[in-house]
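Structure file data34.csv (CSV, C-alpha atoms) follows.
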chain,number,residue,atom,x,y,z
A,17,MET,CA,82.8,167.9,-278.0
A,18,THR,CA,80.6,164.8,-277.8
A,19,GLN,CA,78.2,163.8,-280.5
A,20,GLY,CA,75.2,164.6,-278.3
A,21,GLU,CA,76.2,168.2,-277.4
A,22,PRO,CA,74.8,170.1,-280.5
A,23,ALA,CA,71.4,168.4,-280.0
A,24,GLY,CA,71.5,169.3,-276.4
A,25,ARG,CA,72.1,172.9,-277.2
A,26,ASP,CA,69.3,172.8,-279.7
A,27,ARG,CA,66.9,171.6,-277.1
A,28,LEU,CA,68.0,174.4,-274.7
A,29,ALA,CA,67.6,177.0,-277.4
A,30,SER,CA,64.1,175.6,-278.2
A,31,ALA,CA,63.2,175.7,-274.5
A,32,ALA,CA,64.3,179.3,-274.3
A,33,ASP,CA,62.3,180.1,-277.4
A,34,ASP,CA,59.2,178.5,-275.8
A,35,MET,CA,59.8,180.5,-272.6
A,36,ILE,CA,60.1,183.8,-274.5
A,37,ALA,CA,57.0,183.0,-276.6
A,38,ALA,CA,55.0,182.2,-273.4
A,39,ARG,CA,56.1,185.4,-271.7
A,40,THR,CA,55.8,187.9,-274.4
A,41,ASP,CA,52.6,189.6,-275.6
A,42,ALA,CA,50.7,187.4,-278.0
A,43,TYR,CA,50.5,189.9,-280.8
A,44,PHE,CA,54.3,189.9,-281.0
A,45,ASN,CA,54.2,186.1,-281.6
A,46,ARG,CA,51.7,186.6,-284.3
A,47,THR,CA,53.8,189.4,-285.8
A,48,ARG,CA,56.7,187.0,-286.0
A,49,ALA,CA,54.6,184.4,-287.8
A,50,ILE,CA,53.4,187.0,-290.3
A,51,VAL,CA,56.8,188.4,-291.0
A,52,GLU,CA,58.3,184.9,-291.5
A,53,HIS,CA,55.4,184.1,-293.9
A,54,PHE,CA,55.9,187.3,-296.1
A,55,GLY,CA,59.6,187.8,-295.7
A,56,ASP,CA,61.8,189.0,-292.9
A,57,ARG,CA,63.3,192.5,-292.8
A,58,LYS,CA,66.0,194.3,-290.9
A,59,VAL,CA,64.5,196.8,-288.3
A,60,THR,CA,65.8,199.2,-285.8
A,61,TYR,CA,63.9,199.9,-282.5
A,62,ALA,CA,64.3,203.0,-280.4
A,63,VAL,CA,63.8,202.4,-276.7
A,64,PHE,CA,62.8,205.3,-274.4
A,65,LEU,CA,61.0,206.4,-271.3
A,66,ARG,CA,58.6,209.3,-270.8
A,67,ARG,CA,60.3,210.8,-267.8
A,68,PRO,CA,63.8,211.8,-266.9
A,69,VAL,CA,66.0,208.9,-265.7
A,70,ILE,CA,69.5,207.7,-265.2
A,71,SER,CA,70.6,205.3,-267.9
A,72,ALA,CA,70.7,201.7,-266.5
A,73,PRO,CA,70.6,199.4,-269.5
A,74,ARG,CA,73.0,196.6,-268.6
A,75,LEU,CA,70.4,194.0,-267.6
A,76,MET,CA,68.7,194.6,-270.9
A,77,THR,CA,71.8,194.6,-273.1
A,78,GLU,CA,73.2,191.5,-271.4
A,79,TRP,CA,70.0,189.6,-271.9
A,80,LEU,CA,69.8,190.6,-275.6
A,81,ARG,CA,73.4,189.4,-276.0
A,82,ALA,CA,72.6,186.1,-274.3
A,83,VAL,CA,69.5,185.6,-276.5
A,84,GLY,CA,71.5,186.4,-279.6
A,85,SER,CA,74.2,184.0,-278.7
A,86,ALA,CA,71.8,181.2,-277.9
A,87,ARG,CA,70.0,181.6,-281.2
A,88,GLY,CA,73.1,182.3,-283.3
A,89,ILE,CA,71.7,185.6,-284.5
A,90,THR,CA,73.1,189.1,-284.5
A,91,ILE,CA,71.5,191.8,-282.3
A,92,ASP,CA,73.2,195.2,-282.4
A,93,THR,CA,72.6,197.5,-279.5
A,94,THR,CA,73.7,201.1,-279.7
A,95,LEU,CA,73.5,203.0,-276.4
A,96,LEU,CA,72.9,206.7,-276.9
A,97,TYR,CA,73.4,207.4,-273.2
A,98,PRO,CA,76.1,205.3,-271.4
A,99,GLU,CA,75.3,203.7,-268.1
A,100,GLY,CA,75.0,206.2,-265.3
A,101,THR,CA,74.3,209.3,-267.5
A,102,TRP,CA,71.2,211.5,-267.2
A,103,VAL,CA,68.5,210.9,-269.9
A,104,GLY,CA,65.8,213.5,-270.6
A,105,ALA,CA,62.1,212.6,-270.9
A,106,GLY,CA,61.3,211.0,-274.3
A,107,GLU,CA,65.0,210.8,-275.3
A,108,PRO,CA,65.9,207.5,-277.1
A,109,LEU,CA,68.1,205.7,-274.7
A,110,ALA,CA,69.2,202.9,-277.1
A,111,TYR,CA,68.7,201.6,-280.6
A,112,VAL,CA,68.3,197.8,-281.1
A,113,THR,CA,68.8,196.5,-284.6
A,114,GLY,CA,68.3,193.0,-286.1
A,115,SER,CA,65.9,190.6,-287.7
A,116,PHE,CA,62.2,191.7,-287.3
A,117,ALA,CA,61.2,188.1,-286.9
A,118,ALA,CA,63.8,187.6,-284.2
A,119,LEU,CA,63.3,190.9,-282.4
A,120,ALA,CA,59.5,191.1,-282.3
A,121,PRO,CA,59.0,188.5,-279.6
A,122,LEU,CA,61.7,190.1,-277.5
A,123,GLU,CA,60.1,193.5,-277.1
A,124,THR,CA,58.0,192.8,-274.0
A,125,LEU,CA,60.9,191.2,-272.1
A,126,LEU,CA,63.6,193.7,-273.0
A,127,LEU,CA,61.4,196.6,-271.8
A,128,GLN,CA,60.8,194.8,-268.5
A,129,ARG,CA,64.6,194.8,-267.9
A,130,LEU,CA,65.0,198.5,-268.6
A,131,GLY,CA,62.3,200.9,-267.3
A,132,PRO,CA,62.2,200.1,-263.6
A,133,ALA,CA,66.0,200.0,-263.3
A,134,CYS,CA,66.4,203.5,-264.9
A,135,VAL,CA,63.8,205.1,-262.6
A,136,ALA,CA,65.2,203.4,-259.5
A,137,ALA,CA,68.7,204.5,-260.5
A,138,HIS,CA,67.4,208.1,-260.8
A,139,ASN,CA,65.9,207.8,-257.3
A,140,ALA,CA,69.1,206.4,-255.8
A,141,TYR,CA,71.2,209.2,-257.4
A,142,GLN,CA,68.9,211.9,-256.0
A,143,MET,CA,69.1,210.3,-252.5
A,144,ALA,CA,72.9,210.2,-252.6
A,145,MET,CA,73.2,213.7,-253.9
A,146,ALA,CA,70.7,215.0,-251.3
A,147,LEU,CA,73.0,213.6,-248.5
A,148,PRO,CA,76.4,213.4,-250.1
A,149,HIS,CA,78.2,212.8,-246.7
A,150,VAL,CA,76.0,209.9,-245.8
A,151,ARG,CA,76.6,206.3,-246.7
A,152,PHE,CA,73.6,204.3,-247.9
A,153,LEU,CA,72.7,200.6,-247.6
A,154,ALA,CA,70.4,199.1,-250.3
A,155,MET,CA,67.7,197.3,-248.3
A,156,GLU,CA,65.3,196.6,-251.2
A,157,ALA,CA,65.1,192.8,-251.0
A,158,ARG,CA,62.1,192.4,-248.7
A,159,HIS,CA,60.0,194.9,-250.8
A,160,CYS,CA,60.6,193.1,-254.1
A,161,ALA,CA,58.3,190.7,-256.0
A,162,GLY,CA,60.9,188.0,-256.3
A,163,PHE,CA,64.6,187.9,-257.1
A,164,GLY,CA,64.3,189.2,-260.6
A,165,MET,CA,62.9,192.5,-259.3
A,166,GLN,CA,65.4,192.6,-256.5
A,167,GLU,CA,68.3,192.2,-258.9
A,168,GLN,CA,67.0,195.1,-261.0
A,169,MET,CA,66.6,197.3,-257.9
A,170,ALA,CA,70.1,196.5,-256.5
A,171,TYR,CA,71.7,197.0,-259.9
A,172,ALA,CA,69.8,200.3,-260.2
A,173,ALA,CA,71.0,201.5,-256.8
A,174,SER,CA,74.6,200.8,-257.8
A,175,VAL,CA,74.2,202.7,-261.0
A,176,GLY,CA,72.6,205.8,-259.4
A,177,SER,CA,75.2,205.6,-256.6
A,178,HIS,CA,78.1,205.5,-259.0
A,179,ALA,CA,76.8,208.5,-260.8
A,180,ALA,CA,76.6,210.4,-257.5
A,181,GLN,CA,80.0,209.2,-256.5
A,182,LYS,CA,81.5,210.9,-259.6
A,183,GLU,CA,80.1,214.1,-258.1
A,184,GLY,CA,81.6,213.5,-254.7
A,185,ALA,CA,78.9,211.7,-252.8
A,186,HIS,CA,79.5,208.5,-250.8
A,187,GLY,CA,76.3,206.9,-252.2
A,188,PHE,CA,75.4,203.2,-251.6
A,189,ILE,CA,78.2,201.1,-250.2
A,190,GLY,CA,76.5,197.7,-250.1
A,191,GLY,CA,73.3,195.8,-250.1
A,192,ALA,CA,71.2,193.5,-247.9
A,193,ASN,CA,72.3,190.1,-249.1
A,194,ASP,CA,75.1,188.2,-250.8
A,195,ALA,CA,73.4,187.6,-254.1
A,196,THR,CA,73.5,191.2,-255.2
A,197,ALA,CA,76.6,192.3,-253.3
A,198,HIS,CA,78.7,192.2,-256.4
A,199,TYR,CA,76.9,195.3,-257.8
A,200,PHE,CA,78.5,197.3,-254.9
A,201,GLY,CA,81.9,195.8,-255.3
A,202,THR,CA,81.6,193.6,-252.2
A,203,THR,CA,81.2,189.8,-251.6
A,204,HIS,CA,78.7,189.8,-248.7
A,205,GLY,CA,75.5,191.5,-247.7
A,206,LEU,CA,75.6,194.1,-245.0
A,207,GLY,CA,73.5,194.4,-241.8
A,208,THR,CA,73.6,193.1,-238.3
A,209,MET,CA,70.5,192.4,-236.2
A,210,PRO,CA,66.7,192.4,-236.8
A,211,HIS,CA,64.1,193.2,-234.3
A,212,ALA,CA,63.5,189.5,-233.9
A,213,LEU,CA,66.9,189.0,-232.4
A,214,VAL,CA,66.3,191.7,-229.8
A,215,GLY,CA,63.0,190.1,-228.9
A,216,TYR,CA,64.7,186.7,-228.6
A,217,ALA,CA,67.4,188.1,-226.3
A,218,GLY,CA,64.9,189.8,-224.1
A,219,SER,CA,66.8,193.1,-223.9
A,220,THR,CA,68.7,195.4,-226.2
A,221,LEU,CA,71.9,195.0,-224.3
A,222,ARG,CA,71.7,191.2,-224.3
A,223,ALA,CA,71.1,191.2,-228.0
A,224,ALA,CA,74.3,193.3,-228.4
A,225,GLU,CA,76.2,190.9,-226.2
A,226,MET,CA,75.1,187.9,-228.1
A,227,PHE,CA,76.0,189.5,-231.4
A,228,HIS,CA,79.4,190.6,-230.3
A,229,GLU,CA,80.2,187.2,-228.8
A,230,VAL,CA,79.5,185.4,-232.1
A,231,TYR,CA,80.9,188.2,-234.4
A,232,PRO,CA,83.6,189.9,-232.3
A,233,ALA,CA,85.5,191.2,-235.3
A,234,MET,CA,82.5,193.0,-236.8
A,235,ASP,CA,81.5,196.5,-235.9
A,236,LEU,CA,78.5,196.4,-233.5
A,237,VAL,CA,75.3,198.0,-234.8
A,238,VAL,CA,72.5,197.9,-232.2
A,239,LEU,CA,68.8,198.2,-233.0
A,240,VAL,CA,67.5,200.4,-230.1
A,241,ASP,CA,63.8,200.9,-230.7
A,242,TYR,CA,62.3,197.5,-229.8
A,243,PHE,CA,61.3,198.4,-226.3
A,244,GLY,CA,60.6,202.0,-227.0
A,245,ARG,CA,63.6,203.1,-225.0
A,246,GLU,CA,65.9,204.3,-227.7
A,247,VAL,CA,67.9,206.8,-225.6
A,248,THR,CA,68.0,204.6,-222.5
A,249,ASP,CA,69.0,201.4,-224.3
A,250,ALA,CA,71.5,203.2,-226.5
A,251,LEU,CA,73.3,204.6,-223.5
A,252,GLU,CA,73.3,201.3,-221.7
A,253,VAL,CA,74.9,199.6,-224.6
A,254,CYS,CA,77.5,202.3,-225.0
A,255,ARG,CA,78.5,202.1,-221.3
A,256,HIS,CA,78.8,198.3,-221.6
A,257,PHE,CA,81.1,198.6,-224.7
A,258,PRO,CA,83.2,201.7,-224.0
A,259,GLU,CA,86.1,200.6,-226.0
A,260,LEU,CA,84.0,199.9,-229.1
A,261,ALA,CA,82.3,203.2,-228.6
A,262,ALA,CA,85.6,205.1,-228.3
A,263,GLN,CA,87.0,203.3,-231.4
A,264,GLY,CA,84.0,204.2,-233.6
A,265,ARG,CA,83.1,200.5,-233.9
A,266,LEU,CA,79.7,200.9,-232.2
A,267,ALA,CA,76.6,202.3,-233.9
A,268,VAL,CA,72.9,202.7,-232.9
A,269,ARG,CA,70.3,202.1,-235.5
A,270,LEU,CA,67.0,204.1,-235.3
A,271,ASP,CA,63.9,202.4,-236.7
A,272,THR,CA,61.3,203.9,-234.5
A,273,HIS,CA,57.7,202.9,-235.5
A,274,GLY,CA,55.7,205.7,-237.3
A,275,GLY,CA,53.0,205.4,-234.7
A,276,ARG,CA,55.2,206.8,-231.9
A,277,PHE,CA,57.9,209.3,-231.1
A,278,LEU,CA,61.4,208.5,-230.1
A,279,GLU,CA,61.8,208.2,-226.3
A,280,GLY,CA,61.4,211.5,-224.6
A,281,LEU,CA,60.1,213.4,-227.7
A,282,ASP,CA,56.6,214.8,-228.5
A,283,PRO,CA,55.7,217.5,-231.0
A,284,GLN,CA,56.9,220.4,-228.8
A,285,ALA,CA,60.1,218.6,-227.7
A,286,SER,CA,60.8,217.8,-231.4
A,287,TYR,CA,60.5,221.5,-232.4
A,288,ASP,CA,62.7,222.4,-229.5
A,289,VAL,CA,65.4,220.0,-230.6
A,290,LEU,CA,65.5,221.5,-234.1
A,291,GLU,CA,65.4,225.0,-232.6
A,292,ARG,CA,68.6,224.2,-230.7
A,293,HIS,CA,70.5,222.8,-233.6
A,294,THR,CA,69.1,224.1,-236.9
A,295,PRO,CA,66.6,226.8,-236.2
A,296,GLY,CA,66.2,228.0,-239.7
A,297,THR,CA,64.8,224.6,-240.7
A,298,ILE,CA,61.5,225.0,-238.9
A,299,ARG,CA,61.0,228.8,-239.3
A,300,ARG,CA,60.0,228.4,-243.0
A,301,TYR,CA,56.7,227.2,-244.5
A,302,ARG,CA,56.5,223.4,-244.6
A,303,SER,CA,54.1,221.0,-246.1
A,304,ASP,CA,52.5,218.4,-243.8
A,305,LYS,CA,54.8,215.7,-245.3
A,306,GLU,CA,57.9,217.8,-244.7
A,307,LEU,CA,56.8,218.5,-241.1
A,308,SER,CA,56.4,214.8,-240.5
A,309,HIS,CA,59.9,214.1,-241.7
A,310,LEU,CA,61.3,216.9,-239.5
A,311,VAL,CA,59.3,216.7,-236.3
A,312,GLY,CA,56.8,213.9,-236.6
A,313,THR,CA,56.7,210.4,-235.3
A,314,GLY,CA,59.1,207.7,-236.3
A,315,VAL,CA,62.6,208.4,-237.4
A,316,SER,CA,62.4,212.2,-237.8
A,317,ALA,CA,65.2,214.7,-238.1
A,318,ALA,CA,64.4,215.7,-234.6
A,319,ALA,CA,64.8,212.1,-233.4
A,320,ILE,CA,68.3,211.9,-235.1
A,321,TRP,CA,69.4,215.2,-233.6
A,322,ARG,CA,68.1,214.1,-230.2
A,323,MET,CA,70.1,210.8,-230.3
A,324,ARG,CA,73.2,212.7,-231.4
A,325,GLU,CA,72.7,215.2,-228.6
A,326,VAL,CA,72.4,212.5,-225.8
A,327,LEU,CA,75.3,210.5,-227.1
A,328,ASP,CA,77.6,213.5,-227.2
A,329,GLU,CA,76.5,214.7,-223.8
A,330,ALA,CA,77.2,211.2,-222.3
A,331,GLY,CA,80.7,211.2,-223.8
A,332,PHE,CA,80.2,209.0,-226.8
A,333,PRO,CA,80.9,211.3,-229.8
A,334,HIS,CA,82.3,208.5,-231.9
A,335,VAL,CA,79.2,206.3,-231.8
A,336,ARG,CA,77.6,206.5,-235.2
A,337,ILE,CA,73.9,206.8,-236.0
A,338,ILE,CA,72.3,204.6,-238.6
A,339,ALA,CA,68.7,205.4,-239.6
A,340,SER,CA,66.1,203.4,-241.5
A,341,SER,CA,62.3,203.6,-242.1
A,342,GLY,CA,60.9,205.2,-245.2
A,343,PHE,CA,63.9,207.1,-246.4
A,344,SER,CA,62.6,208.2,-249.8
A,345,VAL,CA,64.0,210.9,-252.0
A,346,GLU,CA,61.7,213.4,-250.3
A,347,LYS,CA,62.7,212.3,-246.8
A,348,CYS,CA,66.4,212.5,-247.7
A,349,LEU,CA,65.9,216.1,-248.9
A,350,SER,CA,64.2,217.0,-245.6
A,351,MET,CA,67.0,215.4,-243.7
A,352,ALA,CA,69.5,217.5,-245.7
A,353,ASP,CA,67.6,220.6,-245.0
A,354,ALA,CA,67.7,219.9,-241.3
A,355,HIS,CA,71.4,219.0,-241.4
A,356,ALA,CA,70.5,215.7,-239.6
A,357,PRO,CA,73.7,214.2,-238.1
A,358,VAL,CA,73.1,210.7,-239.6
A,359,ASP,CA,76.0,208.6,-240.7
A,360,VAL,CA,74.4,205.7,-242.6
A,361,ILE,CA,70.9,205.3,-244.0
A,362,GLY,CA,69.4,201.9,-244.8
A,363,THR,CA,66.6,202.1,-247.4
A,364,GLY,CA,64.8,200.3,-250.1
A,365,SER,CA,62.7,203.4,-250.9
A,366,PHE,CA,64.5,204.0,-254.2
A,367,ILE,CA,62.0,201.5,-255.5
A,368,PRO,CA,59.7,203.6,-257.7
A,369,ASP,CA,56.5,204.7,-255.9
A,370,ARG,CA,54.6,205.2,-259.1
A,371,TRP,CA,55.1,202.1,-261.2
A,372,SER,CA,53.5,203.7,-264.2
A,373,GLU,CA,56.5,206.0,-264.5
A,374,THR,CA,58.7,202.9,-265.1
A,375,TYR,CA,57.1,201.9,-268.3
A,376,ALA,CA,59.6,201.8,-271.1
A,377,THR,CA,58.5,201.9,-274.8
A,378,ALA,CA,60.0,200.6,-278.0
A,379,ASP,CA,59.1,201.8,-281.5
A,380,ILE,CA,60.6,200.7,-284.8
A,381,VAL,CA,62.2,203.7,-286.5
A,382,ALA,CA,63.7,202.1,-289.6
A,383,TYR,CA,62.9,199.2,-291.9
A,384,ASP,CA,65.9,198.0,-293.9
A,385,ASP,CA,67.7,201.2,-292.9
A,386,VAL,CA,64.9,203.4,-294.3
A,387,PRO,CA,63.6,205.8,-291.6
A,388,ARG,CA,59.9,205.2,-290.8
A,389,VAL,CA,58.1,205.7,-287.5
A,390,LYS,CA,54.5,206.2,-286.5
A,391,ALA,CA,53.1,209.8,-286.5
A,392,GLY,CA,54.0,211.7,-283.4
A,393,ARG,CA,57.2,209.7,-282.7
A,394,GLU,CA,59.5,211.4,-285.2
A,395,PHE,CA,61.7,212.5,-282.3
A,396,LEU,CA,62.9,208.9,-282.0
A,397,LEU,CA,64.5,208.8,-285.5
A,398,ARG,CA,68.1,207.8,-285.4
A,399,ARG,CA,70.6,210.1,-283.9
A,400,THR,CA,74.2,209.9,-282.8
A,401,PRO,CA,75.2,208.6,-279.3
A,402,HIS,CA,75.4,211.1,-276.5
A,403,ASP,CA,78.8,212.0,-275.3
A,404,PRO,CA,78.9,212.6,-271.6
A,405,GLU,CA,80.6,215.7,-270.4

Output the structure of this file as structure tokens.
Amino acid sequence: MTQGEPAGRDRLASAADDMIAARTDAYFNRTRAIVEHFGDRKVTYAVFLRRPVISAPRLMTEWLRAVGSARGITIDTTLLYPEGTWVGAGEPLAYVTGSFAALAPLETLLLQRLGPACVAAHNAYQMAMALPHVRFLAMEARHCAGFGMQEQMAYAASVGSHAAQKEGAHGFIGGANDATAHYFGTTHGLGTMPHALVGYAGSTLRAAEMFHEVYPAMDLVVLVDYFGREVTDALEVCRHFPELAAQGRLAVRLDTHGGRFLEGLDPQASYDVLERHTPGTIRRYRSDKELSHLVGTGVSAAAIWRMREVLDEAGFPHVRIIASSGFSVEKCLSMADAHAPVDVIGTGSFIPDRWSETYATADIVAYDDVPRVKAGREFLLRRTPHDPE
């Protein structure tokens, strides 16, 4: 250790303190100053959300551990619900104990690292359980406000997915880029070609040829909606790559725009497709939203069934179907009800729709180990950790 190292660490710690002070709510900084003036106390915070979630606390706990290490202080975190377990609305998810002066400025930032991840994990879990035989790809990156949010969402998808995998679902098998691949136990992001490559190539088949020439060892996933000829272009690619098709190394990806039907479909033809394959699905009352998922424009259940139908009729039963475009929890439930023959779904729609539901809250429930909490929050008072079944 050189003579200058402690001073360097002190400067880094000071810079981190300045960053935290700048990013936290101002009244927490003032609280810290008041507590330091009149005397510090040991406090315990209870952290909770107002809606059911899946526990996804790791980003929060790792950050608290790093802050404590950098400052040379002790921050004790007790999780009442281990990562991946279901947490009821209003249930304390964790208790955080330490110096009031040290913890007060951390409240804003620790809550930012908890609430959104827990809600997104719950969404990912519901998606995976709705379609347990389908593999999912986490495609949240383009919908996030910077890498911090993307990391939260990718982590959340992995937590919800692992919870579903314990119940037999395939869940999320990977993400869109390398930076978050480790959450899914991989080293690289997944995905093959964007619409831009198909436009560059000038035809769907040519784009497939280009991709296969550069990446011959990879499975070939072809985006078939660019020219509005999903059926025609999918069959052309299959006939050009019969060996890949027979080996199960070829897949077609449906991403049909919501302003049009898949090639050859219209409202009546969409109803007819479902009537042929899953008649009970459309003989019950449906909301407008459910009908749009089943027989509407874009990537509907009827569109997926139609693609499976034409592939099988043409002799390509091993060609897989990958679907994307707005696959929320609700859409996944509709696909399950229609028994849609989809193999993989790429989606970022586990990102919470209603951001207000992601707001986590922290209340102090004990001062120097003496229970005390604001009126109406007595349910947060200290309890024992939850033991998962």

Query - Residue nearest Gly215 of chain A among A:Ala105, A:Val240, A:Leu127, A:Ala118 (counting all atoms listed in the file) - result: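 Looking only at the distances to Gly215 of chain A, the closest residue turns out to be A:Val240.
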
**Report entry** Computed interatomic separation between atom CA of Gly264 of chain A and atom CA of Val335 of chain A (Å)
**Finding:** 5.5 Å

Requested in this report: Rank nothing, just name the residue among A:Ala170, A:Ala137, A:Met234, A:Val289 nearest to His198 of chain A, using all atoms listed in the file.
Outcome: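 Closest to His198 of chain A, using all atoms listed in the file: A:Ala170.
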
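If you measure from each of A:Tyr301, A:Ala378, A:Pro258, A:Ala356 to Pro333 of chain A using only C-alpha atoms, the closest one turns out to be A:Pro258.
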
**Report entry** Point-to-point distance from atom CA of Glu252 of chain A to atom CA of Asp235 of chain A, Å rounded to tenths
**Finding:**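 Between atom CA of Glu252 of chain A and atom CA of Asp235 of chain A the gap works out to 17.1 Å.
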
Query raised in the report: Expressed in Å to a single decimal, how great is the separation between atom CA of Trp102 of chain A and atom CA of Tyr61 of chain A?
Result: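 We find that atom CA of Trp102 of chain A and atom CA of Tyr61 of chain A lie 20.5 Å from each other.
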
Excluding Arg151 of chain A and any residue of its chain fewer than 2 positions from it, enumerate the residues within 7 Å of it, using only C-alpha atoms, and give them as a compact mmCIF listing (two decimals) with C-alpha atoms, keeping the file's coordinate frame.
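Contents of selection-v1.txt, freshly written:
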# COMPACT_ATOMS: atom_id res chain seq x y z
CA HIS A 149 78.20 212.80 -246.70
CA LEU A 153 72.70 200.60 -247.60
CA HIS A 186 79.50 208.50 -250.80
CA GLY A 187 76.30 206.90 -252.20
CA PHE A 188 75.40 203.20 -251.60
CA ILE A 189 78.20 201.10 -250.20
CA ASP A 359 76.00 208.60 -240.70
CA VAL A 360 74.40 205.70 -242.60
CA ILE A 361 70.90 205.30 -244.00

Query raised in the report: For Ser219 of chain A, which residue out of A:Phe243, A:Tyr287, A:Tyr383, A:Phe277 is the nearest one, using all atoms listed in the file?
Result: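 Closest candidate: A:Phe243.
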
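Among the candidates A:Val83, A:Ala140, A:Leu397, A:Ile298, the one nearest to Asp353 of chain A when counting only C-alpha atoms is A:Ile298.
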
Query - Best match for closeness to Leu119 of chain A among A:Gly164, A:Gly84, A:Pro387, A:Pro148, counting only C-alpha atoms - result: A:Gly84

Query raised in the report: Near Asp384 of chain A, counting all atoms listed in the file, which residues have an atom at most 9 Å away, once you skip same-chain residues fewer than 4 positions from it, shown as a PyMOL selection string?
Result: chain A and resi 57-60

Save segment 301-317 of chain A from what I just supplied, as an mmCIF file, in the first residue's frame, atoms limited to N, CA and C atoms.
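Contents of decode34.cif, freshly written:
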data_model
loop_
_atom_site.group_PDB
_atom_site.id
_atom_site.type_symbol
_atom_site.label_atom_id
_atom_site.label_comp_id
_atom_site.auth_asym_id
_atom_site.auth_seq_id
_atom_site.Cartn_x
_atom_site.Cartn_y
_atom_site.Cartn_z
ATOM 1 N N TYR A 301 -67.490 -15.040 -24.330
ATOM 2 C CA TYR A 301 -67.457 -13.580 -24.321
ATOM 3 C C TYR A 301 -66.015 -13.101 -24.210
ATOM 4 N N ARG A 302 -65.687 -12.090 -24.981
ATOM 5 C CA ARG A 302 -64.346 -11.519 -24.967
ATOM 6 C C ARG A 302 -64.428 -10.007 -24.899
ATOM 7 N N SER A 303 -63.509 -9.394 -24.159
ATOM 8 C CA SER A 303 -63.397 -7.943 -24.176
ATOM 9 C C SER A 303 -62.762 -7.526 -25.500
ATOM 10 N N ASP A 304 -62.858 -6.247 -25.805
ATOM 11 C CA ASP A 304 -62.244 -5.749 -27.039
ATOM 12 C C ASP A 304 -60.740 -6.014 -27.056
ATOM 13 N N LYS A 305 -60.096 -5.859 -25.901
ATOM 14 C CA LYS A 305 -58.655 -6.074 -25.848
ATOM 15 C C LYS A 305 -58.318 -7.531 -26.099
ATOM 16 N N GLU A 306 -59.087 -8.432 -25.507
ATOM 17 C CA GLU A 306 -58.847 -9.854 -25.722
ATOM 18 C C GLU A 306 -59.058 -10.220 -27.185
ATOM 19 N N LEU A 307 -60.098 -9.663 -27.788
ATOM 20 C CA LEU A 307 -60.349 -9.951 -29.210
ATOM 21 C C LEU A 307 -59.199 -9.457 -30.077
ATOM 22 N N SER A 308 -58.635 -8.316 -29.728
ATOM 23 C CA SER A 308 -57.511 -7.814 -30.529
ATOM 24 C C SER A 308 -56.320 -8.749 -30.431
ATOM 25 N N HIS A 309 -56.084 -9.323 -29.265
ATOM 26 C CA HIS A 309 -54.995 -10.283 -29.119
ATOM 27 C C HIS A 309 -55.278 -11.567 -29.886
ATOM 28 N N LEU A 310 -56.543 -11.956 -29.982
ATOM 29 C CA LEU A 310 -56.902 -13.233 -30.594
ATOM 30 C C LEU A 310 -57.039 -13.154 -32.102
ATOM 31 N N VAL A 311 -57.786 -12.148 -32.582
ATOM 32 C CA VAL A 311 -58.114 -12.110 -34.014
ATOM 33 C C VAL A 311 -57.884 -10.745 -34.628
ATOM 34 N N GLY A 312 -57.184 -9.865 -33.944
ATOM 35 C CA GLY A 312 -56.978 -8.521 -34.456
ATOM 36 C C GLY A 312 -55.783 -8.416 -35.382
ATOM 37 N N THR A 313 -55.404 -7.183 -35.631
ATOM 38 C CA THR A 313 -54.235 -6.931 -36.466
ATOM 39 C C THR A 313 -52.963 -7.250 -35.692
ATOM 40 N N GLY A 314 -51.831 -7.178 -36.388
ATOM 41 C CA GLY A 314 -50.553 -7.437 -35.741
ATOM 42 C C GLY A 314 -50.327 -8.912 -35.477
ATOM 43 N N VAL A 315 -49.561 -9.190 -34.419
ATOM 44 C CA VAL A 315 -49.222 -10.576 -34.100
ATOM 45 C C VAL A 315 -50.300 -11.131 -33.170
ATOM 46 N N SER A 316 -51.362 -11.606 -33.764
ATOM 47 C CA SER A 316 -52.485 -12.174 -33.018
ATOM 48 C C SER A 316 -52.299 -13.683 -32.874
ATOM 49 N N ALA A 317 -53.157 -14.277 -32.047
ATOM 50 C CA ALA A 317 -53.146 -15.737 -31.944
ATOM 51 C C ALA A 317 -53.486 -16.371 -33.287
#
